[in-house]
There are 2 protein chains.
Amino acid sequence: MSRTVRMNQGVEWALHGCVALSWVARDRAIPAAKLAELNGLPAPYLNKQLQALAHAGVLRSTNGPKGGFRLARGPEEITVLDVVLAIEGEGEAFRCTEIRQRGPFPTPRRDCRVPCQIASVMHDAEMAWRRTLTERSIADIAAEVEASNPQVRKRICSWLDSSS
Amino acid sequence: MSRTVRMNQGVEWALHGCVALSWVARDRAIPAAKLAELNGLPAPYLNKQLQALAHAGVLRSTNGPKGGFRLARGPEEITVLDVVLAIEGEGEAFRCTEIRQRGPFPTPRRDCRVPCQIASVMHDAEMAWRRTLTERSIADIAAEVEASNPQVRKRICSWLDSSS
DNA sequence: GACGGGGTACTCGGATAGAGCTTGTCCGAGTTAGCGTGG
DNA sequence: CCACGCTAACTCGGACAAGCTCTATCCGAGTACCCCGTC
């Protein structure tokens with residue numbers, strides 16, 4: 001029985017896209033179509049994800065010929081959490097609906113200024129999750145990928161040069 | 001902009017239900033309808049969540065008159081993670097689709113025996129999240145709730161006795 | 001030969017359908033408690 | 001008075017719709033480049 005509530009698939013695409021962008025020159029923009037072809041993804045939908053990253057300030061978009069997307073700052077300054085939140089939104093996964101204030105014995109209003117104990121536990125877990133994602137940057141992942149497959153970076157750059 | 005992908009609301013209901021069940025005698029079953037009324041929730045749907053908990057071995061269900069749900073083991077033996085996974089399923093939120101094997105430069109098959117670096121980071125974060133939820137039990141939450149509102153336990157028990 | 005203007009092609013950007021999942025609801029199967037009857 | 005069988009009510013359990021979010025797609029707005037004509 002696998003989880004039915006899963007993370008947006010766009011998160012995976014966005015992360016792979018950022019890693020690829022970290023390998024090209026910073027002043028060079030890559031069109032969404034190229035990134036999509038590089039990963040075997042549908043171009044229009046990847047474009048949507050990249051727009052979300054641009055809106056969040058992770059990427060910088062350029063219009064017109066020779067345009068496309070590039071990293072808005074150095075890959076060591078972009079955390080995995082930045083990308084995840086750009087796609088999924090800033091809100092936390094668990095949302096307390098204050099059911100302690102419902103039913104025949106509602107918790108008094110003055111006691112509700114502190115968060116519900118259940119919401120507090122879920123919040124702690126979310127913070128632990130976010131902390132882990134903050135400790136890893138796009139540059140870290142790119143370095144690991146390159147270490148396990150040293151040829152991929154050069155191949156991608158060559159392919160982008162030849163088909164531009 | 002709040003997150004669109006949120007956790008099932010049933011998780012919150014299930015946790016509140018387990019806390020309430022931890023306050024009544026272990027050999028006494030509470031019907032789903034009573035638990036729903038206690039929290040101001042729609043009874044049929046809460047029933048669905050309780051079924052999931054019973055199927056996961058967190059609760060024990062009894063049929064017929066004087067039947068209902070009770071905890072399958074002591075509240076200190078039920079972690080928050082047990083409840084969350086019972087509702088949401090055992091699978092992890094992030095699912096790697098191995099897009100590194102797609103496109104013009106697929107990662108060689110022999111290099112794919114180790115997880116994708118991106119999937120690895122997401123997995124680490126999920127483990128941190130789960131560890132936090134494992135460290136807190138239903139008994140812990142029940143004790144905290146009772147500490148902040150000492151009357152609620154007695155009131156609920158009296159209400160359950162009088163309306164049975 | 002150099003400069004300016006217009007056209008063109010390429011890019012992003014947002015608005016637009018379809019599928020899957022969560023949410024919410026319902027009625028039937030199973031079981032137990034209570035009651036009536038017979039010994 | 002006690003034991004047994006039956007009825008009946010109550011509970012869970014799974015099957016069944018509606019709304020919303022994610023997935024996927026398309027075409028229009030904007031911009032930079034390139035070409036051509038003119039000075």
# chains A, B, ... in the order shown; residues from 1 in each chain; ligands from 1

$ residues_around --residues "DC33 in chain D" --least-positions-apart "4" --cutoff "12 Å" --atoms "only C-alpha atoms (C1' of nucleotides)" --output "list in words"
Asn63, Gly64, Pro65, Lys66 and Gly67 of chain A; DG7, DT8, DA9 and DC10 of chain C

$ write_last_selection --atoms "C-alpha atoms (C1' of nucleotides)" --output "mmCIF file, in the first residue's frame"
data_model
loop_
_atom_site.group_PDB
_atom_site.id
_atom_site.type_symbol
_atom_site.label_atom_id
_atom_site.label_comp_id
_atom_site.auth_asym_id
_atom_site.auth_seq_id
_atom_site.Cartn_x
_atom_site.Cartn_y
_atom_site.Cartn_z
ATOM 1 C CA ASN A 63 12.547 36.319 -23.154
ATOM 2 C CA GLY A 64 13.152 36.234 -26.867
ATOM 3 C CA PRO A 65 15.769 34.432 -28.973
ATOM 4 C CA LYS A 66 18.769 33.152 -27.007
ATOM 5 C CA GLY A 67 16.504 33.444 -24.003
ATOM 6 C "C1'" DG C 7 10.060 42.138 -39.865
ATOM 7 C "C1'" DT C 8 10.507 37.671 -38.005
ATOM 8 C "C1'" DA C 9 11.319 33.979 -35.205
ATOM 9 C "C1'" DC C 10 11.919 32.500 -30.749
#

$ select_by_dssp --residues "range 55-155 of chain A" --states "alpha helix (DSSP H)" --output "NGL selection string"
:A and (55 or 80-88 or 117-134 or 138-148 or 151-155)

$ residues_around --residues "range 36-38 of chain D" --least-positions-apart "2" --cutoff "9 Å" --atoms "only C-alpha atoms (C1' of nucleotides)" --output "count of residues only"
4

$ interface_residues --of "chain C" --to "chain A" --cutoff "9 Å" --atoms "only C-alpha atoms (C1' of nucleotides)" --output "VMD selection string"
chain C and resid 9 to 13 21 to 22

$ select_by_dssp --residues "range 3-159 of chain B" --states "strand (DSSP E or B)" --output "MDAnalysis selection string"
chainID B and resid 30 59:62 68:71 79 137

$ write_last_selection --atoms "N, CA and C atoms" --output "PDB file, in the first residue's frame"
ATOM      1  N   ILE B  30     -15.727   2.309  22.086  1.00  0.00           N
ATOM      2  CA  ILE B  30     -16.485   3.532  21.821  1.00  0.00           C
ATOM      3  C   ILE B  30     -16.907   3.525  20.355  1.00  0.00           C
ATOM      4  N   LEU B  59      -5.951   0.181  16.189  1.00  0.00           N
ATOM      5  CA  LEU B  59      -7.188   0.036  16.952  1.00  0.00           C
ATOM      6  C   LEU B  59      -7.715  -1.399  16.819  1.00  0.00           C
ATOM      7  N   ARG B  60      -8.629  -1.718  17.713  1.00  0.00           N
ATOM      8  CA  ARG B  60      -9.316  -3.007  17.683  1.00  0.00           C
ATOM      9  C   ARG B  60     -10.798  -2.715  17.574  1.00  0.00           C
ATOM     10  N   SER B  61     -11.470  -3.315  16.603  1.00  0.00           N
ATOM     11  CA  SER B  61     -12.884  -3.015  16.405  1.00  0.00           C
ATOM     12  C   SER B  61     -13.746  -4.170  16.915  1.00  0.00           C
ATOM     13  N   THR B  62     -14.910  -3.823  17.461  1.00  0.00           N
ATOM     14  CA  THR B  62     -15.876  -4.803  17.953  1.00  0.00           C
ATOM     15  C   THR B  62     -17.232  -4.497  17.341  1.00  0.00           C
ATOM     16  N   GLY B  68     -17.686  -1.060  19.074  1.00  0.00           N
ATOM     17  CA  GLY B  68     -17.011   0.184  18.747  1.00  0.00           C
ATOM     18  C   GLY B  68     -15.523  -0.039  18.580  1.00  0.00           C
ATOM     19  N   PHE B  69     -14.731   1.030  18.808  1.00  0.00           N
ATOM     20  CA  PHE B  69     -13.285   0.956  18.663  1.00  0.00           C
ATOM     21  C   PHE B  69     -12.609   1.143  20.010  1.00  0.00           C
ATOM     22  N   ARG B  70     -11.486   0.460  20.176  1.00  0.00           N
ATOM     23  CA  ARG B  70     -10.622   0.685  21.345  1.00  0.00           C
ATOM     24  C   ARG B  70      -9.167   0.573  20.900  1.00  0.00           C
ATOM     25  N   LEU B  71      -8.258   1.045  21.714  1.00  0.00           N
ATOM     26  CA  LEU B  71      -6.841   0.959  21.360  1.00  0.00           C
ATOM     27  C   LEU B  71      -6.400  -0.501  21.355  1.00  0.00           C
ATOM     28  N   THR B  79       2.870   5.267  18.514  1.00  0.00           N
ATOM     29  CA  THR B  79       3.537   6.511  18.148  1.00  0.00           C
ATOM     30  C   THR B  79       2.667   7.308  17.187  1.00  0.00           C
ATOM     31  N   SER B 137       4.477   9.676  21.530  1.00  0.00           N
ATOM     32  CA  SER B 137       3.408   8.680  21.566  1.00  0.00           C
ATOM     33  C   SER B 137       2.071   9.348  21.861  1.00  0.00           C
TER      34      SER B 137
END

$ residues_around --residues "DG24 in chain C" --least-positions-apart "4" --cutoff "12 Å" --atoms "only C-alpha atoms (C1' of nucleotides)" --output "count of residues only"
13

$ residues_around --residues "range 121-135 of chain A" --least-positions-apart "2" --cutoff "8 Å" --atoms "only C-alpha atoms (C1' of nucleotides)" --output "list of chain:residue names"
A:Thr79, A:Val80, A:Leu81, A:Asp82, A:Glu92, A:Ala93, A:Phe94, A:Gln117, A:Ile118, A:Ala119, A:Ser137, B:Val121, B:Met122, B:Asp124, B:Ala125, B:Glu126, B:Ala128, B:Trp129, B:Arg130, B:Arg131, B:Thr132, B:Leu133, B:Arg136

$ closest_residue --among "D:DA32, D:DT23, D:DC39, D:DG5" --to "Gln49 in chain A" --atoms "only C-alpha atoms (C1' of nucleotides)"
D:DT23

$ closest_atom_pairs --of "chain D" --to "chain A" --cutoff "12 Å" --atoms "only C-alpha atoms (C1' of nucleotides)" --output "CSV"
residue,atom,partner,partner_atom,distance
D:DT21,C1',A:Asn8,CA,10.6
D:DC22,C1',A:Asn8,CA,7.6
D:DT23,C1',A:Tyr45,CA,8.1
D:DA24,C1',A:Tyr45,CA,6.4
D:DT25,C1',A:Pro44,CA,6.9
D:DC26,C1',A:Pro44,CA,8.8
D:DC27,C1',A:Pro44,CA,11.7
D:DA29,C1',A:Asn63,CA,10.7
D:DG30,C1',A:Asn63,CA,7.3
D:DT31,C1',A:Gly64,CA,4.7
D:DA32,C1',A:Gly64,CA,5.5
D:DC33,C1',A:Pro65,CA,6.8
D:DC34,C1',A:Pro65,CA,11.0

$ residues_around --residues "DC35 in chain C" --least-positions-apart "4" --cutoff "10 Å" --atoms "only C-alpha atoms (C1' of nucleotides)" --output "PyMOL selection string"
chain D and resi 6-8

$ closest_residue --among "B:Ser120, B:Lys34, B:Gly91, B:Ala143" --to "chain A" --atoms "only C-alpha atoms"
B:Gly91

$ closest_residue --among "B:Val19, B:Leu38, B:Ala142, B:Cys157" --to "chain A" --atoms "only C-alpha atoms"
B:Leu38
